[in-house]
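The structure appears right after this line, and notes come after that.
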Amino acid sequence: MDAGPWLPVPPVGYGGLENVVATLTTELRRRGHVVVLATVGDSRLPADGRVAAFPTGQFPQLAAPYPEVTGIAHAHVHAVVEAIRRHQADGVPFDLVHTHLEVVGPAVLAALGAAAPPVLHTLHWDLRRNADFYARFDGGGRVFFAGVSDSQVARGPEVLRRQTLGAVPLAVPIPERPPVPREERTDAVLVLSRLCETKGTDVALRACRAAGVPLVLAGPVGGQPDRASLEAALADPASPVAGYPDVRWFREHVEPLLDGDRARWIGSVSGAEKAELLRRSRAVLFPIRWPEPGGTAVCEALAAGTPVVAHAQGCLPSLVDHGVTGFLAGDEEAFVAALRRLDEIDPAACAATAARRFAPAVMADGYEVLYAEVLLRAGAVPGVPRFPQPLAPVAAVERGPFTPRMSSPMG
């Protein structure tokens, strides 16, 4: 299970992809799968082995120009390839690699051909990003894709869609405690995301001001987790942070609207602090300007019993039941109107919907089906050595429900 080199698993604060990996890995191991986690050295998630090229997450570097970042991803995937070789040499080859590392993961693993296990790559992003890669990539019958929503996959190039086995909606741990009733919540609403233009942070600020609703912003800016870190980076003449697009945008469009009272930025949150914020907020806002592919934070909000107000873009219409678990808005004026109707949404209905649709077991069921399909299409039999000699194709494998548990490691 390859989470990439950007953040620990689970993340401390921001990290939708890493939260998904943590949720899926935990559920797969609960079902008896052996899962080796490729991540960074300070990850705390229990796993059956760990691969890491870096001692800590490299997310602060991600906002830097491309030439300063690309080597990080390649160093990480090199460690993954070495782990594949090592496990093969030790007689316990991986059955399958499930990578979440954008572009570099599938590209390098596909280049290995039959010398690598079959690969499933989850697409966590808007597929207009790196569209040239996806329009030309050929997995050679060894690398396949999974989307996180049907709307995301539909926007991908035809070549990519032909190699995509399906879409598995994201999942989050379901809290054991019942949701906090409306009357016991704070007056404030919450934005839980990176603070940047595509997430519509400025829209949230203007809409809340117009509706008379207090707003709390929780998330990083340009890779900086909080105001102290951001100000320290800006004060350092050697730091490139001042030139990062997200930082420039934040300073121009968000910072002037913050007053420290009814509109405040608290930085990234995690653990109990994040859970309590979600439970106690009146709503979580997603005024996005882009076709959101997956929406982990939407699932987290609903699981906490907290209504969602969102722009109707990307996968959001498939996650939010308008008038039941929140509201979908077509523009800023409609967003303001939705903020004035929050008391119409029952937190219990939000939590019940999330438990039915976004539980870890639902996501794991979907991936088990896709894992079986990857092995079938790649002609692979779990446990058969496939490095360095190419694996002879399997003549026939009967399709059916995925019931076996993989005894050799799954990367």
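If you're wondering about the labels, chains in the structure tokens are A, B, ... by order shown, residues count from 1 in each chain, ligands from 1 in order shown.
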
Step one, run DSSP on the backbone; step two, keep only residues of region 21-129 of chain A assigned to alpha helix (DSSP H); then write them as a PyMOL selection string.
chain A and resi 21-30+66-89+104-111

Could you name the residues that touch Glu333 (chain A) at 12 Å or less, counting only C-alpha atoms, but leaving out those on the same chain fewer than 6 positions away, as a CSV table (one decimal) with N, CA and C atoms, in the first residue's frame?
```
chain,number,residue,atom,x,y,z
A,203,VAL,N,-14.6,32.7,-0.7
A,203,VAL,CA,-16.1,32.6,-0.9
A,203,VAL,C,-16.7,32.3,0.5
A,204,ALA,N,-16.1,31.4,1.3
A,204,ALA,CA,-16.6,31.1,2.6
A,204,ALA,C,-16.6,32.3,3.5
A,206,ARG,N,-16.7,35.6,2.6
A,206,ARG,CA,-17.7,36.6,2.2
A,206,ARG,C,-19.1,36.1,2.5
A,207,ALA,N,-19.4,34.8,2.3
A,207,ALA,CA,-20.7,34.3,2.5
A,207,ALA,C,-21.1,34.3,4.0
A,208,CYS,N,-20.1,33.9,4.8
A,208,CYS,CA,-20.4,33.9,6.2
A,208,CYS,C,-20.6,35.3,6.8
A,210,ALA,N,-21.9,37.8,5.0
A,210,ALA,CA,-23.2,38.2,4.6
A,210,ALA,C,-24.3,37.6,5.4
A,211,ALA,N,-24.1,36.3,5.8
A,211,ALA,CA,-25.1,35.6,6.5
A,211,ALA,C,-25.1,35.8,8.0
A,287,PRO,N,-17.0,25.6,-0.5
A,287,PRO,CA,-17.3,26.5,-1.6
A,287,PRO,C,-16.3,26.3,-2.7
A,311,HIS,N,-20.6,24.0,-2.9
A,311,HIS,CA,-20.9,24.2,-4.3
A,311,HIS,C,-21.1,22.9,-5.0
A,339,LEU,N,-26.7,29.0,4.2
A,339,LEU,CA,-26.2,29.2,5.6
A,339,LEU,C,-27.3,29.7,6.5
A,340,ARG,N,-28.3,30.3,6.0
A,340,ARG,CA,-29.4,30.7,6.8
A,340,ARG,C,-30.5,29.6,7.0
```

Do you know which residues are at most 6 Å from Gly147 (chain A) counting only C-alpha atoms, after dropping those on the same chain fewer than 4 positions away, and could you put them as a PyMOL selection string?
chain A and resi 122-123+153+167

Resulting file, chosen residues, C-alpha atoms, as a PDB file, in the first residue's frame:
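part13.pdb was written with the following content:
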```pdb
ATOM      1  CA  THR A 122      -6.157   5.138  -7.142  1.00  0.00           C
ATOM      2  CA  LEU A 123      -6.792   8.486  -8.817  1.00  0.00           C
ATOM      3  CA  VAL A 153     -13.578   9.150 -14.033  1.00  0.00           C
ATOM      4  CA  ALA A 167     -14.817   4.040  -8.864  1.00  0.00           C
TER       5      ALA A 167
END
```

Closest of A:Gly295, A:Gly32, A:Pro173, A:Pro307 to Trp125 (chain A) - atom-to-atom distances counting only C-alpha atoms
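The answer is A:Gly295, which sits nearest to Trp125 (chain A).
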
Contacts of Pro5 (chain A) at 6 Å or less, counting only C-alpha atoms, minus same-chain residues fewer than 3 places along, as a CSV table (one decimal) with N, CA and C atoms, in the first residue's frame?
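And here's result07.csv as it stands now:
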```csv
chain,number,residue,atom,x,y,z
A,39,THR,N,5.5,4.6,3.0
A,39,THR,CA,5.1,5.9,3.5
A,39,THR,C,6.4,6.7,3.9
A,40,VAL,N,6.3,7.5,5.0
A,40,VAL,CA,7.5,8.2,5.5
A,40,VAL,C,7.7,7.6,6.9
A,57,GLY,N,7.5,13.5,6.5
A,57,GLY,CA,6.7,13.9,5.4
A,57,GLY,C,7.3,15.1,4.6
```

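Counting only C-alpha atoms, the residue from A:Arg29, A:Arg50, A:Lys199, A:Arg161 that sits nearest to Trp249 (chain A) is A:Lys199.
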
Taking only C-alpha atoms into account, name the residue in A:Pro293, A:Asp42, A:Glu231, A:Val241 that is nearest to Arg129 (chain A).
A:Pro293

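With distances restricted to only C-alpha atoms, A:Arg44 is the closest residue to Val12 (chain A) from A:Arg44, A:Arg155, A:Arg31, A:His76.
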
Rank A:Ala107, A:Ala228, A:Leu120, A:Val247 by their smallest atom-to-atom distance to Arg194 (chain A), using only C-alpha atoms, and report the top residue only.
A:Val247

Name the residues in contact with Leu195 (chain A) at a cut-off of 8 Å, using only C-alpha atoms, excluding same-chain residues fewer than 6 positions from it; report them as a PyMOL selection string.
chain A and resi 201+217+219-221+246+250

Surrounding residues of Ala135 (chain A) excluding itself and chain neighbours under 3 positions, 8 Å, only C-alpha atoms, as a ChimeraX atom specification:
/A:131-132,157-160

Can you pull out every residue within 8 Å of Ile84 (chain A), counting only C-alpha atoms, but drop anything in the same chain fewer than 3 positions away, and send it as a ChimeraX atom specification?
/A:80-81,87-88,93-94,116
